[in-house]
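As stored in start-v8.txt (compact mmCIF, C-alpha atoms and all ligand atoms):
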```
# COMPACT_ATOMS: atom_id res chain seq x y z
CA MET A 181 108.52 83.90 74.69
CA ILE A 182 112.30 83.94 75.17
CA LYS A 183 113.60 80.63 76.45
CA GLN A 184 115.87 81.59 79.29
CA SER A 185 117.31 79.91 82.31
CA GLU A 186 117.32 81.58 85.69
CA THR A 187 120.77 82.95 84.89
CA SER A 188 120.00 84.32 81.43
CA ILE A 189 120.89 87.99 81.01
CA VAL A 190 118.21 89.61 78.86
CA THR A 191 118.22 93.37 78.39
CA ILE A 192 114.95 95.22 77.89
CA ASP A 193 116.00 96.12 74.36
CA ARG A 194 116.55 92.44 73.46
CA PHE A 195 113.26 91.49 75.12
CA ILE A 196 111.40 94.16 73.13
CA ILE A 197 113.00 92.93 69.88
CA GLU A 198 112.17 89.28 70.67
CA GLN A 199 108.58 90.24 71.43
CA GLU A 200 108.31 92.21 68.20
CA ALA A 201 109.67 89.27 66.20
CA LYS A 202 106.60 87.26 67.23
CA PHE A 203 104.41 89.64 65.20
CA PRO A 204 105.45 89.71 61.50
CA GLU A 205 103.13 92.63 60.87
CA ALA A 206 104.87 94.73 63.52
CA THR A 207 106.56 97.82 62.07
CA GLY A 208 108.82 98.41 65.07
CA GLU A 209 107.13 101.72 65.97
CA LEU A 210 105.74 100.46 69.27
CA SER A 211 109.13 98.91 70.04
CA GLY A 212 110.71 102.30 69.41
CA ILE A 213 108.34 103.94 71.88
CA LEU A 214 109.27 101.38 74.55
CA TYR A 215 113.02 101.83 73.94
CA ASP A 216 112.72 105.58 74.24
CA LEU A 217 110.65 105.29 77.44
CA ALA A 218 113.37 103.07 78.92
CA VAL A 219 115.95 105.77 78.12
CA ALA A 220 113.74 108.43 79.71
CA ALA A 221 113.39 106.21 82.78
CA LYS A 222 117.18 106.00 83.13
CA MET A 223 117.48 109.77 82.85
CA ILE A 224 114.77 110.35 85.47
CA THR A 225 116.43 107.77 87.71
CA SER A 226 119.67 109.74 87.66
CA LYS A 227 117.76 112.89 88.70
CA VAL A 228 115.74 111.15 91.43
CA ARG A 229 118.81 109.41 92.87
CA ARG A 230 120.58 112.75 93.24
CA ALA A 231 117.55 114.78 94.27
CA GLY A 232 118.76 115.33 97.82
CA LEU A 233 122.26 116.18 96.71
CA ILE A 234 121.92 118.89 94.13
CA ASP A 235 119.28 120.84 95.97
CA ILE A 236 116.44 120.37 93.55
CA LEU A 237 114.14 119.27 96.34
CA GLY A 238 111.22 121.37 97.30
CA GLY A 239 108.62 123.14 95.26
CA ALA A 240 109.41 124.82 91.97
CA GLY A 241 107.13 127.56 93.11
CA SER A 242 104.79 126.93 90.22
CA SER A 243 101.74 124.68 90.43
CA ASN A 244 100.48 122.24 87.79
CA VAL A 245 97.12 121.99 86.03
CA GLN A 246 95.86 119.99 89.03
CA GLY A 247 96.56 122.95 91.25
CA GLU A 248 99.08 120.80 93.07
CA HIS A 249 102.30 122.35 94.33
CA GLN A 250 104.75 121.35 91.60
CA GLN A 251 107.99 119.79 92.75
CA LYS A 252 111.02 120.58 90.64
CA LEU A 253 111.47 116.91 89.81
CA ASP A 254 107.92 116.83 88.42
CA VAL A 255 108.90 119.53 85.98
CA ILE A 256 112.17 117.85 85.07
CA ALA A 257 110.61 114.39 84.60
CA ASN A 258 107.90 115.90 82.44
CA GLU A 259 110.48 117.62 80.23
CA ILE A 260 112.66 114.49 79.99
CA ILE A 261 109.78 112.34 78.75
CA THR A 262 108.45 115.00 76.38
CA LYS A 263 111.88 115.59 74.82
CA ALA A 264 112.72 111.88 74.66
CA MET A 265 109.47 111.04 72.89
CA ASP A 266 108.60 114.00 70.64
CA HIS A 267 110.95 113.38 67.71
CA GLY A 268 110.81 109.60 67.12
CA GLY A 269 108.07 109.88 64.49
CA ARG A 270 105.91 107.29 66.29
CA LEU A 271 103.55 109.61 68.19
CA CYS A 272 100.99 112.08 66.92
CA ALA A 273 100.33 113.61 70.35
CA MET A 274 101.07 113.25 74.06
CA ALA A 275 99.27 114.12 77.30
CA SER A 276 100.72 114.54 80.77
CA GLU A 277 99.36 115.04 84.28
CA GLU A 278 101.56 118.13 84.35
CA GLU A 279 100.03 119.78 81.25
CA THR A 280 96.53 121.18 80.79
CA GLY A 281 95.92 120.03 77.23
CA ILE A 282 97.39 117.90 74.48
CA ILE A 283 101.19 118.13 74.05
CA PRO A 284 101.61 118.50 70.27
CA ILE A 285 104.48 116.97 68.31
CA PRO A 286 106.74 119.87 67.21
CA ARG A 287 106.08 120.84 63.59
CA GLU A 288 109.60 119.85 62.50
CA PHE A 289 108.96 116.21 63.43
CA LYS A 290 106.89 113.53 61.66
CA CYS A 291 103.69 112.36 63.33
CA GLY A 292 103.15 108.66 63.96
CA LYS A 293 100.16 106.44 64.66
CA TYR A 294 100.32 106.31 68.49
CA VAL A 295 99.51 108.58 71.40
CA LEU A 296 101.32 108.53 74.75
CA LEU A 297 99.72 109.56 78.05
CA PHE A 298 101.79 109.71 81.20
CA ASP A 299 102.19 110.79 84.77
CA PRO A 300 105.85 111.77 84.76
CA LEU A 301 106.43 111.51 88.50
CA ASP A 302 103.54 110.15 90.52
CA GLY A 303 103.68 110.51 94.28
CA SER A 304 106.13 113.37 93.95
CA SER A 305 105.13 114.84 97.33
CA ASN A 306 107.06 111.87 98.74
CA ILE A 307 110.34 112.88 97.11
CA ASP A 308 111.55 115.01 99.99
CA VAL A 309 111.22 112.10 102.40
CA ASN A 310 112.83 109.50 100.15
CA VAL A 311 109.70 107.41 99.63
CA PRO A 312 109.53 105.59 96.26
CA VAL A 313 107.90 107.53 93.42
CA GLY A 314 107.10 106.45 89.89
CA THR A 315 106.41 107.19 86.25
CA ILE A 316 103.24 105.72 84.70
CA PHE A 317 102.53 105.53 80.95
CA SER A 318 99.85 104.40 78.53
CA VAL A 319 100.06 103.96 74.73
CA MET A 320 97.11 103.81 72.35
CA LYS A 321 96.68 103.86 68.57
CA ARG A 322 95.23 107.06 67.16
CA VAL A 323 91.62 106.91 66.01
CA SER A 324 91.51 110.32 64.28
CA GLU A 325 91.83 110.44 60.51
CA GLY A 326 94.96 111.40 58.62
CA GLU A 327 98.62 111.45 59.49
CA GLY A 328 98.81 114.89 61.05
CA PRO A 329 98.71 116.01 64.69
CA GLY A 330 96.67 113.92 67.09
CA GLU A 331 93.42 115.10 68.61
CA MET A 332 91.55 114.82 71.90
CA SER A 333 89.52 111.91 70.45
CA ASP A 334 92.77 109.95 70.28
CA MET A 335 93.19 110.42 74.05
CA LEU A 336 89.60 109.79 75.16
CA GLN A 337 89.56 106.06 74.47
CA PRO A 338 88.63 103.32 76.97
CA GLY A 339 91.55 101.49 78.58
CA LEU A 340 90.79 98.36 76.56
CA ARG A 341 92.24 100.21 73.55
CA GLN A 342 95.72 100.44 75.13
CA VAL A 343 98.43 98.69 73.09
CA ALA A 344 101.05 99.12 75.82
CA ALA A 345 101.19 100.33 79.41
CA GLY A 346 103.78 100.41 82.13
CA TYR A 347 105.35 102.06 85.11
CA VAL A 348 108.81 102.78 86.45
CA ILE A 349 109.30 102.59 90.20
CA TYR A 350 112.20 104.60 91.61
CA GLY A 351 112.57 102.57 94.77
CA SER A 352 115.40 100.67 96.47
CA SER A 353 116.16 99.78 92.87
CA THR A 354 114.67 101.18 89.68
CA MET A 355 112.31 98.78 87.95
CA MET A 356 110.34 99.13 84.75
CA VAL A 357 107.24 96.95 84.42
CA TYR A 358 105.28 96.93 81.16
CA THR A 359 102.82 94.97 79.07
CA THR A 360 101.88 94.97 75.40
CA GLY A 361 99.03 92.57 76.04
CA HIS A 362 101.25 89.49 76.17
CA GLY A 363 101.95 89.22 79.87
CA ALA A 364 103.45 91.70 82.33
CA HIS A 365 107.23 91.76 82.61
CA GLY A 366 109.61 93.46 85.05
CA PHE A 367 113.10 94.79 84.38
CA THR A 368 115.54 95.92 87.04
CA LEU A 369 118.08 98.64 86.26
CA ASP A 370 121.68 97.58 86.79
CA PRO A 371 123.24 101.00 87.43
CA SER A 372 126.75 99.61 86.94
CA ILE A 373 126.05 99.05 83.24
CA GLY A 374 123.02 101.32 82.75
CA GLU A 375 120.87 98.48 81.47
CA PHE A 376 117.37 97.29 82.42
CA LEU A 377 117.67 93.50 82.81
CA LEU A 378 114.73 91.08 82.76
CA SER A 379 114.18 90.18 86.42
CA HIS A 380 110.46 89.37 86.62
CA PRO A 381 109.27 87.62 83.43
CA ASN A 382 105.54 86.87 83.17
CA ILE A 383 104.48 88.40 86.49
CA ARG A 384 101.48 86.61 88.05
CA THR A 385 99.72 88.27 90.97
CA PRO A 386 98.29 85.93 93.68
CA GLU A 387 94.55 85.30 93.32
CA THR A 388 93.94 86.27 96.95
CA GLY A 389 95.98 89.05 98.47
CA THR A 390 97.94 89.63 101.65
CA TYR A 391 97.99 93.42 101.61
CA LEU A 392 95.28 96.06 101.87
CA SER A 393 96.34 99.52 100.70
CA VAL A 394 93.90 102.27 101.65
CA ASN A 395 94.04 105.69 103.33
CA ASP A 396 91.39 105.23 105.99
CA ALA A 397 91.69 108.86 107.08
CA TYR A 398 88.78 109.30 104.68
CA GLU A 399 86.58 106.68 106.42
CA GLN A 400 84.15 109.36 107.61
CA HIS A 401 83.66 110.43 103.98
CA TRP A 402 83.08 106.92 102.53
CA SER A 403 79.70 105.42 101.69
CA GLU A 404 78.38 102.66 103.96
CA PRO A 405 79.07 99.87 101.39
CA VAL A 406 82.72 101.02 101.19
CA ARG A 407 82.94 101.00 104.99
CA ALA A 408 81.49 97.48 105.03
CA LEU A 409 84.03 96.42 102.39
CA MET A 410 86.92 97.71 104.51
CA ARG A 411 85.53 95.82 107.52
CA ARG A 412 85.52 92.68 105.35
CA TYR A 413 89.15 93.17 104.26
CA ARG A 414 90.11 93.75 107.87
CA GLY A 415 88.39 90.55 109.03
CA LEU A 416 86.11 92.56 111.34
CA ASP A 417 82.97 90.88 110.01
CA LEU A 418 84.63 87.48 110.58
CA GLN A 419 84.17 86.51 106.94
CA ARG A 420 87.90 86.26 106.21
CA GLU A 421 91.36 86.62 107.67
CA ALA A 422 92.42 90.22 108.29
CA MET A 423 94.68 91.62 105.54
CA ASN A 424 97.93 93.39 106.40
CA VAL A 425 97.53 97.13 105.85
CA ARG A 426 100.39 98.61 103.85
CA TYR A 427 99.95 102.17 102.53
CA VAL A 428 102.88 104.22 101.25
CA GLY A 429 100.85 107.01 99.71
CA SER A 430 102.59 106.50 96.38
CA LEU A 431 100.44 104.61 93.87
CA VAL A 432 103.34 102.98 92.03
CA ALA A 433 104.92 101.74 95.28
CA ASP A 434 101.66 100.39 96.71
CA PHE A 435 100.60 98.85 93.41
CA HIS A 436 103.99 97.23 92.76
CA ARG A 437 104.17 95.59 96.20
CA ASN A 438 100.64 94.25 95.83
CA LEU A 439 101.26 93.05 92.27
CA LEU A 440 104.20 90.91 93.38
CA GLY A 441 102.95 89.91 96.84
CA GLY A 442 99.20 89.87 96.32
CA GLY A 443 96.83 92.51 97.64
CA ILE A 444 94.35 95.20 96.81
CA PHE A 445 94.80 98.94 96.45
CA VAL A 446 91.66 100.94 97.14
CA TYR A 447 91.01 104.62 96.52
CA PRO A 448 87.23 104.97 96.70
CA ALA A 449 85.14 107.98 95.86
CA ASN A 450 84.42 110.01 98.98
CA LYS A 451 82.45 113.13 99.83
CA LYS A 452 85.57 115.26 99.31
CA SER A 453 86.51 113.53 96.03
CA PRO A 454 83.23 112.31 94.51
CA GLN A 455 85.10 110.82 91.52
CA GLY A 456 87.99 109.51 93.58
CA LYS A 457 91.46 111.06 93.34
CA LEU A 458 93.41 109.05 90.79
CA ARG A 459 93.46 109.94 87.11
CA LEU A 460 91.69 107.49 84.80
CA LEU A 461 93.74 107.85 81.62
CA TYR A 462 97.33 107.88 82.85
CA GLU A 463 97.16 106.29 86.30
CA CYS A 464 94.21 103.88 86.61
CA ASN A 465 94.07 102.52 83.04
CA PRO A 466 97.75 101.60 82.66
CA MET A 467 97.78 99.94 86.09
CA ALA A 468 94.56 98.08 85.26
CA PHE A 469 96.05 96.79 81.97
CA ILE A 470 99.15 95.50 83.76
CA CYS A 471 97.12 94.05 86.63
CA GLU A 472 94.78 92.11 84.31
CA GLN A 473 97.76 90.83 82.32
CA ALA A 474 99.17 89.50 85.60
CA GLY A 475 95.89 87.70 86.43
CA GLY A 476 94.44 90.43 88.64
CA ALA A 477 91.45 92.73 88.18
CA ALA A 478 90.48 96.40 88.42
CA ILE A 479 87.11 98.11 88.81
CA ASP A 480 85.89 101.63 89.52
CA GLY A 481 83.35 100.21 91.97
CA ARG A 482 80.72 99.51 89.31
CA HIS A 483 82.48 98.62 86.05
CA ARG A 484 85.57 96.86 84.81
CA LEU A 485 87.92 99.81 84.74
CA LEU A 486 89.24 99.18 81.22
CA GLU A 487 85.72 99.52 79.83
CA VAL A 488 85.08 103.02 81.21
CA VAL A 489 84.69 105.51 78.34
CA PRO A 490 86.52 108.74 79.27
CA THR A 491 85.02 112.17 78.66
CA GLU A 492 87.81 114.40 79.95
CA LEU A 493 91.60 114.20 79.74
CA HIS A 494 92.25 114.59 83.47
CA GLN A 495 89.14 112.90 84.77
CA ARG A 496 89.42 111.04 88.04
CA SER A 497 88.12 107.58 88.89
CA PRO A 498 87.59 105.51 92.01
CA LEU A 499 90.00 102.55 91.92
CA PHE A 500 89.84 99.03 93.36
CA ILE A 501 92.77 97.09 91.87
CA GLY A 502 94.75 93.95 92.63
CA SER A 503 94.22 90.27 93.40
CA LYS A 504 91.26 88.90 91.52
CA LYS A 505 89.34 87.46 94.45
CA ASP A 506 89.75 90.61 96.51
CA VAL A 507 88.43 92.75 93.68
CA GLU A 508 85.52 90.34 93.26
CA ILE A 509 84.61 90.93 96.93
CA ALA A 510 84.61 94.67 96.23
CA ALA A 511 82.35 94.24 93.18
CA LYS A 512 79.94 92.16 95.25
CA LEU A 513 79.75 94.41 98.30
CA LEU A 514 79.56 97.60 96.26
CA SER A 515 76.87 96.34 93.92
CA SER A 516 74.32 97.41 96.52
CA GLU A 517 75.49 101.03 96.00
CA HIS A 518 74.00 101.21 92.52
P1 LIG B 1 96.24 110.28 99.64
C1 LIG B 1 100.15 110.70 95.24
O1 LIG B 1 99.87 112.06 95.45
C2 LIG B 1 98.88 110.06 94.68
O2 LIG B 1 98.51 110.68 93.51
C3 LIG B 1 99.12 108.57 94.46
O3 LIG B 1 100.42 108.27 94.09
C4 LIG B 1 98.78 107.99 95.81
O4 LIG B 1 98.32 106.65 95.73
C5 LIG B 1 97.65 108.91 96.28
O5 LIG B 1 97.85 110.16 95.64
C6 LIG B 1 97.70 109.12 97.77
O6 LIG B 1 96.58 109.94 98.09
O7 LIG B 1 94.94 111.04 99.56
O8 LIG B 1 96.08 108.95 100.34
O9 LIG B 1 97.41 111.07 100.14
```
Could you write out this structure as structure tokens?
Ligand code: P6P
Amino acid sequence: MIKQSETSIVTIDRFIIEQEAKFPEATGELSGILYDLAVAAKMITSKVRRAGLIDILGGAGSSNVQGEHQQKLDVIANEIITKAMDHGGRLCAMASEEETGIIPIPREFKCGKYVLLFDPLDGSSNIDVNVPVGTIFSVMKRVSEGEGPGEMSDMLQPGLRQVAAGYVIYGSSTMMVYTTGHGAHGFTLDPSIGEFLLSHPNIRTPETGTYLSVNDAYEQHWSEPVRALMRRYRGLDLQREAMNVRYVGSLVADFHRNLLGGGIFVYPANKKSPQGKLRLLYECNPMAFICEQAGGAAIDGRHRLLEVVPTELHQRSPLFIGSKKDVEIAAKLLSSEH
């Protein structure tokens, strides 16, 4: 790990290079993916920061594969990432929340050994009211044979197979947090120089959390064990101190606050969404990888989330993620459900 004092200035590019140097067998392809994602993040930042000013707020009129009303910034962020990533020769395929199927690498470009899955702008319904939104990404090695275009089998891998994962939060500042399996590290964008600077090396999330993030408007649709779990987190069964409820309605914002301050984010299955709402491959898995790297945990209510074997590209999953001890309580109280 880089030896740095509190005042060291380390750019994300230098950090990526220093990390790569620790692995002699590294070819630099994964590093290239991370550089290019940082560039895409800066480009999306510039769009998000001006959203209210150049009248690109409001729906694009179209709707995405999820049937959700597509905000113009969704479309723009999706295009920025796709165009930033499709020609580097490191990917053999991509997948996005905004696209029905696999995004192929254009024929004129070389295919590489990785696949990238991403949610280009999560929480985008919050854009119009200036609530933080985010980009979430996941990188895995291809498993299909050959060196040609990637296949669906390359996407449908359990989260344990991720080689890198991260998110960008477009909040009061823009931060990029990522892991390659050697700790979780946060970089804050200094807009005056256009550089992501290392601001949160080796993030560790508190073992027991302060914050509970849940939308309890669905309480009537939860199972009884989930209701009992929420009573526990709220201290209503007198088994623990009540947690502070903080719910922004933007996964990246809620997750990031809990990662740094300690807490649990909960989006259970409910009668309206029997598989939960959040997407396994490009929302839950990357957050679970980061959370575990920071000493936290993530389950779907029954299993360690990173062990779930996906069957569909856009499949949803219940999510209980955050401070280790708080997730352990969830595992215990929900075990009676199965
Ligand atoms: P609800 C935003 O639409 C999102 O996908 C996540 O960012 C967020 O955590 C969740 O949905 C909020 O869902 O049902 O509470 O509005």
Legend entry - Distance of CA of Asp299 in chain A from CA of Val228 in chain A, expressed in Å to one decimal place: 15.1 Å
Inset, instruction - Do a neighbour search on Gly346 in chain A at 6 Å with all atoms listed in the file, toss out local chain neighbours closer than 6 positions, and write the hits as JSON, numbers by chain. - result: {"A": [316, 317, 357, 358]}
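Of the residues listed (A:Glu375, A:Asp480, A:Glu205, A:Asp370), A:Asp480 shows the shortest atom-to-atom separation from Cys464 in chain A; distances use all atoms listed in the file.
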Legend entry - Interatomic distance, CA of Gly330 in chain A to CA of Val295 in chain A (Å, one decimal):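 Atom-to-atom, CA of Gly330 in chain A to CA of Val295 in chain A, that is 7.4 Å.
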Is it possible to get the axis-aligned box enclosing ligand LIG 1 (chain B) (all listed atoms, 4 Å extra per side) as AutoDock Vina command-line options, with centre and edge lengths in Å rounded to one decimal?
```
--center_x 97.7 --center_y 109.4 --center_z 96.9 --size_x 13.5 --size_y 13.4 --size_z 14.8
```
Inset, instruction - Tell me which protein, DNA and RNA residues are within 9 Å of Leu458 in chain A, counting all atoms listed in the file, leaving out same-chain ones fewer than 5 positions away, and put them as a list in words. - result: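 After dropping sequence-adjacent residues, the list is Leu431, Tyr447, Glu463, Cys464, Gln495, Arg496, Ser497, Pro498 and Leu499 of chain A.
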Give me the chain A side of the contact with ligand LIG 1 (chain B), cut-off 9 Å, one line per residue showing its nearest atom pair and distance in Å at one decimal, counting only C-alpha atoms and all ligand atoms, sorted by chain and residue number, as JSON lines.
```
{"residue": "A:Leu301", "atom": "CA", "partner": "B:LIG1", "partner_atom": "O3", "distance": 8.8}
{"residue": "A:Asp302", "atom": "CA", "partner": "B:LIG1", "partner_atom": "O3", "distance": 5.1}
{"residue": "A:Gly303", "atom": "CA", "partner": "B:LIG1", "partner_atom": "C1", "distance": 3.7}
{"residue": "A:Ser304", "atom": "CA", "partner": "B:LIG1", "partner_atom": "O1", "distance": 6.6}
{"residue": "A:Ser305", "atom": "CA", "partner": "B:LIG1", "partner_atom": "O1", "distance": 6.2}
{"residue": "A:Asn306", "atom": "CA", "partner": "B:LIG1", "partner_atom": "C1", "distance": 7.8}
{"residue": "A:Val313", "atom": "CA", "partner": "B:LIG1", "partner_atom": "O3", "distance": 7.5}
{"residue": "A:Gly314", "atom": "CA", "partner": "B:LIG1", "partner_atom": "O3", "distance": 8.1}
{"residue": "A:Ser393", "atom": "CA", "partner": "B:LIG1", "partner_atom": "O4", "distance": 8.9}
{"residue": "A:Val394", "atom": "CA", "partner": "B:LIG1", "partner_atom": "O8", "distance": 7.1}
{"residue": "A:Asn395", "atom": "CA", "partner": "B:LIG1", "partner_atom": "O8", "distance": 4.9}
{"residue": "A:Asp396", "atom": "CA", "partner": "B:LIG1", "partner_atom": "O8", "distance": 8.2}
{"residue": "A:Ala397", "atom": "CA", "partner": "B:LIG1", "partner_atom": "O8", "distance": 8.0}
{"residue": "A:Tyr398", "atom": "CA", "partner": "B:LIG1", "partner_atom": "O7", "distance": 8.2}
{"residue": "A:Tyr427", "atom": "CA", "partner": "B:LIG1", "partner_atom": "O8", "distance": 8.1}
{"residue": "A:Val428", "atom": "CA", "partner": "B:LIG1", "partner_atom": "O4", "distance": 7.6}
{"residue": "A:Gly429", "atom": "CA", "partner": "B:LIG1", "partner_atom": "C6", "distance": 4.3}
{"residue": "A:Ser430", "atom": "CA", "partner": "B:LIG1", "partner_atom": "O3", "distance": 3.6}
{"residue": "A:Leu431", "atom": "CA", "partner": "B:LIG1", "partner_atom": "O4", "distance": 3.5}
{"residue": "A:Val432", "atom": "CA", "partner": "B:LIG1", "partner_atom": "O3", "distance": 6.4}
{"residue": "A:Ala433", "atom": "CA", "partner": "B:LIG1", "partner_atom": "O3", "distance": 8.0}
{"residue": "A:Asp434", "atom": "CA", "partner": "B:LIG1", "partner_atom": "O4", "distance": 7.2}
{"residue": "A:Phe435", "atom": "CA", "partner": "B:LIG1", "partner_atom": "O4", "distance": 8.5}
{"residue": "A:Phe445", "atom": "CA", "partner": "B:LIG1", "partner_atom": "O4", "distance": 8.5}
{"residue": "A:Val446", "atom": "CA", "partner": "B:LIG1", "partner_atom": "O4", "distance": 8.9}
{"residue": "A:Tyr447", "atom": "CA", "partner": "B:LIG1", "partner_atom": "O4", "distance": 7.6}
{"residue": "A:Lys457", "atom": "CA", "partner": "B:LIG1", "partner_atom": "O5", "distance": 6.9}
{"residue": "A:Leu458", "atom": "CA", "partner": "B:LIG1", "partner_atom": "O2", "distance": 6.0}
{"residue": "A:Arg459", "atom": "CA", "partner": "B:LIG1", "partner_atom": "O2", "distance": 8.2}
{"residue": "A:Glu463", "atom": "CA", "partner": "B:LIG1", "partner_atom": "O2", "distance": 8.5}
```
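A straight line drawn from CA of Ser333 in chain A to CA of Ser318 in chain A is 15.1 Å long.
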Please fill the gaps in range 468-489 of chain A so it has N, CA and C atoms, and write that as a short mmCIF file (atom, residue, chain, number, x, y, z; two decimals), in the coordinates of the input.
```cif
data_model
loop_
_atom_site.label_atom_id
_atom_site.label_comp_id
_atom_site.auth_asym_id
_atom_site.auth_seq_id
_atom_site.Cartn_x
_atom_site.Cartn_y
_atom_site.Cartn_z
N ALA A 468 95.58 99.13 85.45
CA ALA A 468 94.56 98.08 85.26
C ALA A 468 94.99 97.11 84.15
N PHE A 469 95.60 97.64 83.08
CA PHE A 469 96.05 96.79 81.97
C PHE A 469 97.11 95.81 82.49
N ILE A 470 98.08 96.36 83.21
CA ILE A 470 99.15 95.50 83.76
C ILE A 470 98.57 94.45 84.72
N CYS A 471 97.68 94.94 85.61
CA CYS A 471 97.12 94.05 86.63
C CYS A 471 96.36 92.88 85.99
N GLU A 472 95.54 93.18 84.98
CA GLU A 472 94.78 92.11 84.31
C GLU A 472 95.73 91.15 83.61
N GLN A 473 96.79 91.69 83.01
CA GLN A 473 97.76 90.83 82.32
C GLN A 473 98.47 89.90 83.31
N ALA A 474 98.51 90.32 84.58
CA ALA A 474 99.17 89.50 85.60
C ALA A 474 98.16 88.62 86.33
N GLY A 475 96.91 88.57 85.83
CA GLY A 475 95.89 87.70 86.43
C GLY A 475 95.06 88.37 87.50
N GLY A 476 95.23 89.69 87.66
CA GLY A 476 94.44 90.43 88.64
C GLY A 476 93.24 91.10 87.99
N ALA A 477 92.66 92.07 88.70
CA ALA A 477 91.45 92.73 88.18
C ALA A 477 91.43 94.18 88.67
N ALA A 478 90.59 94.99 88.02
CA ALA A 478 90.48 96.40 88.42
C ALA A 478 89.08 96.90 88.06
N ILE A 479 88.43 97.52 89.05
CA ILE A 479 87.11 98.11 88.81
C ILE A 479 87.09 99.53 89.37
N ASP A 480 86.04 100.27 88.96
CA ASP A 480 85.89 101.63 89.52
C ASP A 480 84.83 101.59 90.63
N GLY A 481 84.39 100.38 90.94
CA GLY A 481 83.35 100.21 91.97
C GLY A 481 82.08 99.67 91.35
N ARG A 482 81.91 100.00 90.02
CA ARG A 482 80.72 99.51 89.31
C ARG A 482 81.12 98.71 88.08
N HIS A 483 82.14 99.21 87.35
CA HIS A 483 82.48 98.62 86.05
C HIS A 483 83.92 98.12 86.04
N ARG A 484 84.18 97.21 85.13
CA ARG A 484 85.57 96.86 84.81
C ARG A 484 86.23 98.16 84.35
N LEU A 485 87.34 98.47 84.96
CA LEU A 485 87.92 99.81 84.74
C LEU A 485 88.27 100.06 83.28
N LEU A 486 88.79 99.01 82.61
CA LEU A 486 89.24 99.18 81.22
C LEU A 486 88.09 99.44 80.25
N GLU A 487 86.86 99.29 80.74
CA GLU A 487 85.72 99.52 79.83
C GLU A 487 85.14 100.93 79.99
N VAL A 488 85.62 101.68 80.97
CA VAL A 488 85.08 103.02 81.21
C VAL A 488 85.44 103.94 80.03
N VAL A 489 84.44 104.60 79.47
CA VAL A 489 84.69 105.51 78.34
C VAL A 489 84.97 106.90 78.89
#
```
